[in-house]
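Data file: model_16.cif. Format and content: mmCIF, C-alpha atoms and all ligand atoms.
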```
data_my_file
loop_
_atom_site.label_atom_id
_atom_site.label_comp_id
_atom_site.auth_asym_id
_atom_site.auth_seq_id
_atom_site.Cartn_x
_atom_site.Cartn_y
_atom_site.Cartn_z
CA ALA A 545 212.94 -120.02 156.41
CA ILE A 546 211.60 -122.86 158.52
CA VAL A 547 209.52 -120.55 160.73
CA SER A 548 208.34 -116.97 160.38
CA ASN A 549 209.86 -113.87 162.06
CA GLY A 550 212.78 -115.87 163.44
CA GLU A 551 210.50 -117.05 166.24
CA LEU A 552 209.97 -120.63 167.29
CA HIS A 553 206.48 -120.83 168.76
CA MET A 554 206.04 -123.65 171.28
CA ALA A 555 202.52 -124.79 172.08
CA THR A 556 202.26 -126.12 175.62
CA ASN A 557 200.03 -126.44 178.66
CA ALA A 558 202.13 -124.92 181.43
CA ALA A 559 200.41 -126.72 184.28
CA PHE A 560 202.55 -129.80 184.12
CA PRO A 561 205.54 -129.56 186.45
CA PRO A 562 208.45 -130.31 186.08
CA TYR A 563 208.05 -130.25 182.28
CA GLU A 564 206.35 -126.86 181.97
CA MET A 565 205.05 -124.43 184.54
CA SER A 566 204.88 -120.71 185.27
CA ALA A 567 208.08 -119.17 186.61
CA ASP A 568 208.25 -116.55 189.35
CA ASP A 569 209.39 -113.93 186.82
CA GLY A 570 206.13 -114.27 184.89
CA GLY A 571 207.63 -116.46 182.17
CA TYR A 572 207.78 -120.23 181.93
CA GLU A 573 210.21 -122.87 183.11
CA GLY A 574 210.65 -126.62 183.17
CA ILE A 575 212.38 -129.40 181.28
CA ASP A 576 210.53 -128.85 177.99
CA VAL A 577 211.00 -125.09 178.15
CA GLU A 578 214.75 -125.38 178.73
CA VAL A 579 215.25 -128.02 176.05
CA ALA A 580 213.23 -125.87 173.62
CA GLU A 581 215.40 -122.83 174.52
CA LEU A 582 218.53 -124.76 173.58
CA ILE A 583 216.99 -126.01 170.34
CA ALA A 584 215.92 -122.49 169.40
CA GLN A 585 219.41 -121.22 170.20
CA LYS A 586 220.98 -123.86 167.94
CA LEU A 587 218.66 -122.89 165.11
CA GLY A 588 219.24 -119.16 165.63
CA LEU A 589 215.59 -118.62 166.60
CA THR A 590 213.86 -116.91 169.51
CA LEU A 591 211.67 -119.22 171.57
CA VAL A 592 208.14 -118.02 172.30
CA VAL A 593 206.16 -120.18 174.75
CA ASP A 594 202.42 -120.15 174.10
CA ASP A 595 200.39 -121.54 177.01
CA MET A 596 197.02 -123.11 176.22
CA GLU A 597 194.76 -125.98 177.23
CA PHE A 598 196.34 -129.35 176.57
CA GLY A 599 193.53 -130.18 174.17
CA SER A 600 194.66 -127.38 171.83
CA VAL A 601 198.37 -128.19 171.78
CA ILE A 602 198.27 -130.70 168.92
CA THR A 603 195.59 -128.98 166.84
CA SER A 604 197.40 -125.64 166.97
CA VAL A 605 200.51 -127.25 165.48
CA GLN A 606 198.44 -129.14 162.96
CA SER A 607 196.81 -125.91 161.77
CA GLY A 608 200.18 -124.14 161.54
CA LYS A 609 199.34 -121.61 164.24
CA GLU A 610 202.18 -122.96 166.38
CA ASP A 611 205.52 -124.37 165.24
CA ILE A 612 206.12 -127.13 167.79
CA ALA A 613 204.21 -128.97 170.48
CA MET A 614 206.20 -129.63 173.63
CA ALA A 615 204.08 -130.64 176.55
CA GLY A 616 205.33 -133.88 178.03
CA LEU A 617 203.66 -135.05 174.86
CA THR A 618 203.36 -138.80 174.45
CA VAL A 619 204.00 -140.34 171.05
CA ASN A 620 201.12 -142.52 169.87
CA GLU A 621 199.74 -143.85 166.62
CA GLU A 622 196.55 -141.79 166.71
CA ARG A 623 198.52 -138.54 167.09
CA LYS A 624 200.95 -139.58 164.34
CA LYS A 625 198.05 -139.32 161.92
CA ASN A 626 197.84 -135.60 162.67
CA ILE A 627 201.40 -134.46 163.42
CA ASP A 628 204.97 -135.68 163.01
CA PHE A 629 207.14 -136.48 166.02
CA THR A 630 210.85 -136.02 166.56
CA ASP A 631 212.86 -138.73 168.29
CA SER A 632 212.00 -139.18 171.93
CA TYR A 633 213.87 -137.19 174.59
CA ALA A 634 212.27 -138.57 177.77
CA LYS A 635 210.22 -141.42 179.19
CA GLY A 636 206.84 -140.97 180.78
CA VAL A 637 204.93 -143.32 183.05
CA GLN A 638 201.23 -143.12 183.79
CA VAL A 639 200.66 -143.63 187.49
CA ILE A 640 197.67 -143.76 189.80
CA ILE A 641 197.19 -141.28 192.66
CA VAL A 642 194.75 -142.18 195.45
CA PRO A 643 193.96 -140.90 198.96
CA GLU A 644 196.25 -142.53 201.54
CA ASP A 645 193.38 -144.59 203.01
CA SER A 646 192.02 -145.75 199.64
CA ASP A 647 191.10 -149.40 199.04
CA ILE A 648 192.52 -149.08 195.50
CA GLN A 649 195.82 -150.97 195.44
CA THR A 650 196.34 -151.84 191.78
CA ALA A 651 195.21 -150.66 188.35
CA ALA A 652 192.78 -153.61 188.30
CA ASP A 653 191.01 -152.15 191.36
CA LEU A 654 190.04 -149.15 189.24
CA GLY A 655 187.62 -151.55 187.57
CA ASN A 656 185.57 -151.82 190.79
CA ASN A 657 183.17 -149.08 189.77
CA LYS A 658 185.69 -146.34 190.63
CA MET A 659 185.54 -142.81 189.25
CA ILE A 660 188.84 -141.69 187.73
CA GLY A 661 190.00 -138.09 187.25
CA CYS A 662 192.23 -137.29 184.29
CA GLN A 663 193.54 -134.37 182.25
CA GLN A 664 191.41 -133.76 179.19
CA GLY A 665 192.81 -135.10 175.94
CA THR A 666 195.73 -136.93 177.51
CA THR A 667 196.82 -140.50 176.98
CA GLY A 668 195.97 -141.23 180.62
CA SER A 669 192.37 -140.25 179.94
CA ILE A 670 192.26 -142.31 176.75
CA TYR A 671 193.65 -145.46 178.43
CA CYS A 672 191.20 -145.14 181.31
CA GLN A 673 188.23 -144.65 179.00
CA ASP A 674 189.31 -147.73 177.02
CA ASP A 675 189.95 -149.87 180.08
CA TYR A 676 187.16 -148.79 182.43
CA GLY A 677 184.55 -147.03 180.26
CA GLU A 678 183.91 -143.42 179.31
CA ASP A 679 181.39 -143.01 182.11
CA LYS A 680 184.09 -143.82 184.67
CA VAL A 681 186.39 -140.98 183.61
CA THR A 682 185.98 -137.33 184.51
CA ASP A 683 188.28 -135.02 182.54
CA TYR A 684 189.65 -131.79 183.98
CA THR A 685 191.41 -129.04 182.06
CA ASN A 686 194.62 -129.62 184.03
CA GLY A 687 196.23 -131.90 186.58
CA ALA A 688 195.82 -129.52 189.51
CA LYS A 689 192.06 -129.49 189.00
CA ALA A 690 191.94 -133.28 188.89
CA ILE A 691 193.86 -133.35 192.18
CA GLU A 692 191.40 -130.87 193.74
CA ALA A 693 188.55 -133.18 192.70
CA LEU A 694 190.35 -136.14 194.27
CA LYS A 695 190.80 -134.26 197.53
CA ALA A 696 187.13 -133.28 197.48
CA GLY A 697 186.11 -136.91 196.98
CA LYS A 698 184.58 -136.28 193.57
CA VAL A 699 186.83 -138.92 192.01
CA ASP A 700 188.45 -141.99 193.61
CA ALA A 701 191.77 -141.80 191.76
CA VAL A 702 193.73 -139.61 189.37
CA VAL A 703 195.73 -141.07 186.47
CA ILE A 704 198.55 -138.79 185.34
CA ASP A 705 202.22 -138.85 184.31
CA SER A 706 204.59 -139.83 187.12
CA GLU A 707 206.70 -136.69 187.51
CA PRO A 708 203.77 -134.26 187.75
CA ALA A 709 202.17 -136.86 190.05
CA LYS A 710 205.14 -136.69 192.44
CA GLN A 711 204.92 -132.91 192.55
CA PHE A 712 201.16 -132.90 193.15
CA VAL A 713 201.46 -135.48 195.92
CA ALA A 714 204.32 -133.57 197.55
CA LYS A 715 202.19 -130.41 197.61
CA ASN A 716 198.97 -132.04 198.82
CA GLU A 717 198.70 -133.96 202.07
CA GLY A 718 196.87 -137.26 202.32
CA LEU A 719 197.61 -138.55 198.84
CA LYS A 720 199.89 -141.33 197.59
CA ILE A 721 201.06 -142.80 194.30
CA LEU A 722 200.49 -146.53 193.81
CA ASP A 723 203.67 -148.55 193.26
CA THR A 724 202.33 -150.18 190.12
CA SER A 725 202.89 -148.15 186.98
CA TYR A 726 199.89 -148.16 184.67
CA VAL A 727 201.43 -147.47 181.23
CA GLU A 728 204.94 -146.52 180.04
CA GLU A 729 205.43 -144.11 177.16
CA ASP A 730 207.82 -141.83 175.25
CA TYR A 731 207.75 -138.04 175.10
CA ALA A 732 208.70 -136.27 171.87
CA ILE A 733 208.26 -132.95 170.10
CA GLY A 734 205.32 -132.59 167.72
CA VAL A 735 205.75 -130.71 164.42
CA SER A 736 203.33 -130.01 161.57
CA LYS A 737 203.27 -132.56 158.77
CA ASP A 738 203.42 -129.56 156.41
CA ASN A 739 206.87 -128.54 157.64
CA PRO A 740 209.22 -131.52 157.29
CA ALA A 741 212.25 -129.18 157.09
CA LEU A 742 211.44 -127.85 160.55
CA CYS A 743 210.96 -131.35 161.92
CA GLU A 744 214.33 -132.37 160.53
CA ALA A 745 216.09 -129.27 161.89
CA ILE A 746 214.50 -129.70 165.34
CA ASN A 747 215.35 -133.37 165.38
CA SER A 748 219.04 -132.89 164.57
CA ALA A 749 219.34 -130.09 167.14
CA LEU A 750 217.61 -132.33 169.69
CA ASN A 751 219.89 -135.26 168.94
CA GLU A 752 222.99 -133.08 169.37
CA LEU A 753 221.64 -131.96 172.74
CA ILE A 754 220.98 -135.56 173.74
CA ALA A 755 224.45 -136.66 172.58
CA ASP A 756 226.34 -133.94 174.43
CA GLY A 757 224.45 -134.56 177.68
CA SER A 758 222.56 -131.26 177.72
CA VAL A 759 219.13 -132.89 177.83
CA GLN A 760 220.12 -135.20 180.66
CA GLN A 761 221.57 -132.25 182.56
CA ILE A 762 218.24 -130.42 182.32
CA ILE A 763 216.30 -133.53 183.37
CA ASP A 764 218.64 -134.00 186.34
CA LYS A 765 218.21 -130.39 187.35
CA TYR A 766 214.44 -130.80 187.63
CA ILE A 767 214.05 -134.45 188.58
CA ASN A 768 216.91 -136.64 189.69
CA ALA A 769 218.55 -133.95 191.78
CA ASN A 770 215.48 -133.81 194.01
CA GLU A 771 215.15 -137.54 194.65
N1 LIG A 801 201.82 -137.45 178.43
C1 LIG A 801 200.42 -137.20 178.40
C2 LIG A 801 199.93 -137.03 176.98
O1 LIG A 801 200.69 -136.76 176.11
C3 LIG A 801 200.04 -136.00 179.23
C4 LIG A 801 200.66 -134.71 178.81
C5 LIG A 801 200.08 -133.51 179.53
N2 LIG A 801 200.89 -132.36 179.33
C6 LIG A 801 200.63 -131.11 179.78
N3 LIG A 801 201.50 -130.17 179.53
N4 LIG A 801 199.55 -130.87 180.46
O2 LIG A 801 198.77 -137.16 176.71
#
```
Please rewrite the model in this file as structure tokens.
Amino acid sequence: AIVSNGELHMATNAAFPPYEMSADDGGYEGIDVEVAELIAQKLGLTLVVDDMEFGSVITSVQSGKEDIAMAGLTVNEERKKNIDFTDSYAKGVQVIIVPEDSDIQTAADLGNNKMIGCQQGTTGSIYCQDDYGEDKVTDYTNGAKAIEALKAGKVDAVVIDSEPAKQFVAKNEGLKILDTSYVEEDYAIGVSKDNPALCEAINSALNELIADGSVQQIIDKYINANE
């Protein structure tokens, strides 16, 4: 058995539309949730979505409490020390959100003593701390809170993945996304290093779903169809 009880537990932070968010029926929806459903189906498992702070997603898989991490999760070398990643199923781009009348026009302008809001534990936060200094970054537990801080003038910009950024900007007046993308990255599924059989099974199911167009269909349903 690659998991216990026939259940595939997915660690996520369901405040990251269109990848994962609460659904009207009380459950969860989004690209990651639907892809995970199909993977679970292929493996004959029942998907259980476990919502938590983003900062706990990787550690919960590492400790074996959760089976997979799917959270618009960017592959990077630091994380590879703690968990294994499947092949990538989507691209992510870190973008910069500012008030419409902001004097920030490029990523370089963030260096002009600007305060940047990020989601705690994310790559966006890490890049900003590296590029502009820890004291220039304020971390929030989720993207919506960072956006609230931006609207309240507590931070000058928010750095976050592009698709959630589009949704936040669409729902909040007076904000815009800068044209320049800050960093480009790959999203993949995280699995415990102690369960290589699960990683292999997830990866082959994922690759079948990529090959037969199912993953693209889900992405189109949530993203391209609305553009
Ligand atoms: N792609 C970024 C990262 O991996 C942000 C992911 C945030 N995901 C979430 N579900 N809140 O660090």
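The interatomic distance for the pair atom CA of Ile762 of chain A and atom CA of Phe598 of chain A works out to 22.7 Å.
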Output as CSV one row per residue of segment 575-673 of chain A within 10 Å of segment 738-761 of chain A: the closest atom pair and its distance in Å to one decimal place, counting all atoms listed in the file, sorted by chain and residue number ascending.
```
residue,atom,partner,partner_atom,distance
A:Ile575,CA,A:Val759,CA,8.3
A:Asp576,CA,A:Val759,CA,9.5
A:Glu578,CA,A:Val759,CA,8.7
A:Val579,CA,A:Val759,CA,6.5
A:Ala580,CA,A:Leu750,CA,8.7
A:Leu582,CA,A:Leu753,CA,7.9
A:Ile583,CA,A:Ala749,CA,5.7
A:Ala584,CA,A:Ile746,CA,8.4
A:Gln585,CA,A:Ala749,CA,9.4
A:Lys586,CA,A:Ala749,CA,6.5
A:Leu587,CA,A:Ala749,CA,7.5
A:Val605,CA,A:Asp738,CA,9.8
A:Gln606,CA,A:Asp738,CA,8.2
A:Ser607,CA,A:Asp738,CA,9.3
A:Gly608,CA,A:Asp738,CA,8.1
A:Asp611,CA,A:Leu742,CA,8.3
A:Ile612,CA,A:Cys743,CA,8.7
A:Ile627,CA,A:Asp738,CA,8.8
A:Asp628,CA,A:Cys743,CA,7.5
A:Phe629,CA,A:Cys743,CA,7.6
A:Thr630,CA,A:Asn747,CA,5.4
A:Asp631,CA,A:Asn747,CA,6.6
A:Ser632,CA,A:Leu750,CA,9.1
A:Tyr633,CA,A:Ile754,CA,7.3
A:Ala634,CA,A:Val759,CA,8.9
```
task: Could you give me the residues within 8 Å of ligand LIG 801 (chain A), counting all atoms listed in the file, as a ChimeraX atom specification?
output: /A:556-560,563-564,597-598,614-619,636,638,663,665-669,686-687,704-705,729,731
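Restricting the calculation to only C-alpha atoms, the smallest distance between Gly574 of chain A and any of A:Pro708, A:Pro643, A:Gly599, A:Gly550 is found for A:Pro708.
With distances restricted to all atoms listed in the file, A:Gly588 is the closest residue to Asn549 of chain A from A:Tyr726, A:Glu717, A:Pro561, A:Gly588.
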- prompt: What lies within 10 Å of Gly661 of chain A using only C-alpha atoms, ignoring chain neighbours under 2 positions off, as number ranges by chain?
  reply: A: 640-641, 658-659, 663-664, 668-669, 672, 680-684, 687, 689-694, 698-704
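As for atom CA of Ala651 of chain A and atom CA of Ile721 of chain A, they are spaced 11.5 Å apart.
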Six-sided padding of 5 Å per side, axis-aligned box over segment 547-550 of chain A, centre and edges in Å, one decimal, as AutoDock Vina command-line options:
```
--center_x 210.6 --center_y -117.2 --center_z 161.9 --size_x 14.4 --size_y 16.7 --size_z 13.1
```
task: Can you work out the spacing between atom CA of Pro562 of chain A and atom CA of Val592 of chain A in Å, to one decimal?
output: 18.5 Å
- prompt: Do you know which residues are at most 10 Å from Thr650 of chain A counting all atoms listed in the file, after dropping those on the same chain fewer than 4 positions away, and could you put them as a VMD selection string?
  reply: chain A and resid 640 654 to 655 722 to 726
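For the set A:Tyr766, A:Val577, A:Lys695, A:Asp594, the residue with the smallest atom-to-atom gap to Val713 of chain A is A:Lys695, counting all atoms listed in the file.
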query: Neighbours of Leu591 of chain A within 6 Å (only C-alpha atoms; same-chain residues fewer than 5 positions away dropped), as a ChimeraX atom specification?
result: /A:551-552,581,584
Dump segment 658-671 of chain A with all heavy atoms to a file, as a PDB file, in the first residue's frame.
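Once written, out-v1.pdb looks like this:
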```pdb
ATOM      1  N   LYS A 658      11.058  50.482  -0.718  1.00  0.00           N
ATOM      2  CA  LYS A 658       9.636  50.123  -0.719  1.00  0.00           C
ATOM      3  C   LYS A 658       9.384  48.964   0.234  1.00  0.00           C
ATOM      4  O   LYS A 658      10.262  48.124   0.445  1.00  0.00           O
ATOM      5  CB  LYS A 658       9.188  49.729  -2.127  1.00  0.00           C
ATOM      6  CG  LYS A 658       9.355  50.827  -3.165  1.00  0.00           C
ATOM      7  CD  LYS A 658       8.498  52.037  -2.870  1.00  0.00           C
ATOM      8  CE  LYS A 658       8.589  53.068  -3.998  1.00  0.00           C
ATOM      9  NZ  LYS A 658       7.879  54.315  -3.651  1.00  0.00           N
ATOM     10  N   MET A 659       8.180  48.919   0.782  1.00  0.00           N
ATOM     11  CA  MET A 659       7.797  47.801   1.644  1.00  0.00           C
ATOM     12  C   MET A 659       6.967  46.833   0.800  1.00  0.00           C
ATOM     13  O   MET A 659       6.026  47.247   0.106  1.00  0.00           O
ATOM     14  CB  MET A 659       6.989  48.322   2.835  1.00  0.00           C
ATOM     15  CG  MET A 659       6.726  47.288   3.905  1.00  0.00           C
ATOM     16  SD  MET A 659       8.204  46.458   4.526  1.00  0.00           S
ATOM     17  CE  MET A 659       8.766  47.674   5.703  1.00  0.00           C
ATOM     18  N   ILE A 660       7.332  45.565   0.846  1.00  0.00           N
ATOM     19  CA  ILE A 660       6.704  44.568  -0.026  1.00  0.00           C
ATOM     20  C   ILE A 660       5.927  43.554   0.821  1.00  0.00           C
ATOM     21  O   ILE A 660       6.453  43.015   1.795  1.00  0.00           O
ATOM     22  CB  ILE A 660       7.783  43.816  -0.850  1.00  0.00           C
ATOM     23  CG1 ILE A 660       8.706  44.821  -1.560  1.00  0.00           C
ATOM     24  CG2 ILE A 660       7.126  42.877  -1.861  1.00  0.00           C
ATOM     25  CD1 ILE A 660      10.027  44.209  -2.016  1.00  0.00           C
ATOM     26  N   GLY A 661       4.700  43.279   0.430  1.00  0.00           N
ATOM     27  CA  GLY A 661       3.882  42.277   1.107  1.00  0.00           C
ATOM     28  C   GLY A 661       3.946  40.960   0.360  1.00  0.00           C
ATOM     29  O   GLY A 661       3.854  40.937  -0.873  1.00  0.00           O
ATOM     30  N   CYS A 662       4.108  39.873   1.095  1.00  0.00           N
ATOM     31  CA  CYS A 662       4.203  38.551   0.466  1.00  0.00           C
ATOM     32  C   CYS A 662       3.402  37.542   1.281  1.00  0.00           C
ATOM     33  O   CYS A 662       2.936  37.840   2.370  1.00  0.00           O
ATOM     34  CB  CYS A 662       5.653  38.085   0.430  1.00  0.00           C
ATOM     35  SG  CYS A 662       6.707  39.075  -0.638  1.00  0.00           S
ATOM     36  N   GLN A 663       3.285  36.327   0.733  1.00  0.00           N
ATOM     37  CA  GLN A 663       2.712  35.220   1.499  1.00  0.00           C
ATOM     38  C   GLN A 663       3.868  34.518   2.194  1.00  0.00           C
ATOM     39  O   GLN A 663       4.858  34.163   1.556  1.00  0.00           O
ATOM     40  CB  GLN A 663       2.055  34.188   0.603  1.00  0.00           C
ATOM     41  CG  GLN A 663       0.999  34.674  -0.345  1.00  0.00           C
ATOM     42  CD  GLN A 663       0.659  33.534  -1.292  1.00  0.00           C
ATOM     43  OE1 GLN A 663      -0.271  32.788  -1.071  1.00  0.00           O
ATOM     44  NE2 GLN A 663       1.438  33.390  -2.359  1.00  0.00           N
ATOM     45  N   GLN A 664       3.664  34.265   3.474  1.00  0.00           N
ATOM     46  CA  GLN A 664       4.685  33.629   4.294  1.00  0.00           C
ATOM     47  C   GLN A 664       5.182  32.306   3.711  1.00  0.00           C
ATOM     48  O   GLN A 664       4.374  31.468   3.306  1.00  0.00           O
ATOM     49  CB  GLN A 664       4.046  33.339   5.646  1.00  0.00           C
ATOM     50  CG  GLN A 664       4.994  33.148   6.768  1.00  0.00           C
ATOM     51  CD  GLN A 664       4.258  33.285   8.090  1.00  0.00           C
ATOM     52  OE1 GLN A 664       3.090  32.908   8.192  1.00  0.00           O
ATOM     53  NE2 GLN A 664       4.914  33.838   9.078  1.00  0.00           N
ATOM     54  N   GLY A 665       6.488  32.150   3.660  1.00  0.00           N
ATOM     55  CA  GLY A 665       7.072  30.876   3.246  1.00  0.00           C
ATOM     56  C   GLY A 665       7.083  30.623   1.750  1.00  0.00           C
ATOM     57  O   GLY A 665       7.492  29.553   1.314  1.00  0.00           O
ATOM     58  N   THR A 666       6.650  31.596   0.964  1.00  0.00           N
ATOM     59  CA  THR A 666       6.595  31.364  -0.480  1.00  0.00           C
ATOM     60  C   THR A 666       7.888  31.807  -1.162  1.00  0.00           C
ATOM     61  O   THR A 666       8.685  32.570  -0.606  1.00  0.00           O
ATOM     62  CB  THR A 666       5.425  32.134  -1.130  1.00  0.00           C
ATOM     63  OG1 THR A 666       5.612  33.531  -0.913  1.00  0.00           O
ATOM     64  CG2 THR A 666       4.100  31.693  -0.541  1.00  0.00           C
ATOM     65  N   THR A 667       8.041  31.347  -2.380  1.00  0.00           N
ATOM     66  CA  THR A 667       9.215  31.738  -3.159  1.00  0.00           C
ATOM     67  C   THR A 667       9.237  33.252  -3.365  1.00  0.00           C
ATOM     68  O   THR A 667      10.298  33.861  -3.327  1.00  0.00           O
ATOM     69  CB  THR A 667       9.233  31.024  -4.522  1.00  0.00           C
ATOM     70  OG1 THR A 667       7.956  31.173  -5.149  1.00  0.00           O
ATOM     71  CG2 THR A 667       9.526  29.544  -4.356  1.00  0.00           C
ATOM     72  N   GLY A 668       8.066  33.845  -3.576  1.00  0.00           N
ATOM     73  CA  GLY A 668       8.000  35.295  -3.763  1.00  0.00           C
ATOM     74  C   GLY A 668       8.628  36.019  -2.584  1.00  0.00           C
ATOM     75  O   GLY A 668       9.398  36.972  -2.750  1.00  0.00           O
ATOM     76  N   SER A 669       8.301  35.556  -1.391  1.00  0.00           N
ATOM     77  CA  SER A 669       8.845  36.160  -0.172  1.00  0.00           C
ATOM     78  C   SER A 669      10.362  35.965  -0.106  1.00  0.00           C
ATOM     79  O   SER A 669      11.101  36.891   0.237  1.00  0.00           O
ATOM     80  CB  SER A 669       8.170  35.531   1.047  1.00  0.00           C
ATOM     81  OG  SER A 669       8.800  35.953   2.229  1.00  0.00           O
ATOM     82  N   ILE A 670      10.799  34.767  -0.461  1.00  0.00           N
ATOM     83  CA  ILE A 670      12.236  34.466  -0.402  1.00  0.00           C
ATOM     84  C   ILE A 670      13.023  35.341  -1.400  1.00  0.00           C
ATOM     85  O   ILE A 670      14.037  35.931  -1.052  1.00  0.00           O
ATOM     86  CB  ILE A 670      12.477  32.961  -0.677  1.00  0.00           C
ATOM     87  CG1 ILE A 670      11.824  32.127   0.446  1.00  0.00           C
ATOM     88  CG2 ILE A 670      13.969  32.643  -0.769  1.00  0.00           C
ATOM     89  CD1 ILE A 670      11.586  30.669   0.086  1.00  0.00           C
ATOM     90  N   TYR A 671      12.503  35.445  -2.644  1.00  0.00           N
ATOM     91  CA  TYR A 671      13.203  36.289  -3.639  1.00  0.00           C
ATOM     92  C   TYR A 671      13.277  37.730  -3.149  1.00  0.00           C
ATOM     93  O   TYR A 671      14.300  38.388  -3.294  1.00  0.00           O
ATOM     94  CB  TYR A 671      12.468  36.324  -4.982  1.00  0.00           C
ATOM     95  CG  TYR A 671      12.185  35.004  -5.638  1.00  0.00           C
ATOM     96  CD1 TYR A 671      10.938  34.762  -6.217  1.00  0.00           C
ATOM     97  CD2 TYR A 671      13.151  33.999  -5.729  1.00  0.00           C
ATOM     98  CE1 TYR A 671      10.653  33.559  -6.835  1.00  0.00           C
ATOM     99  CE2 TYR A 671      12.865  32.800  -6.349  1.00  0.00           C
ATOM    100  CZ  TYR A 671      11.614  32.587  -6.901  1.00  0.00           C
ATOM    101  OH  TYR A 671      11.328  31.403  -7.511  1.00  0.00           O
TER     102      TYR A 671
END
```
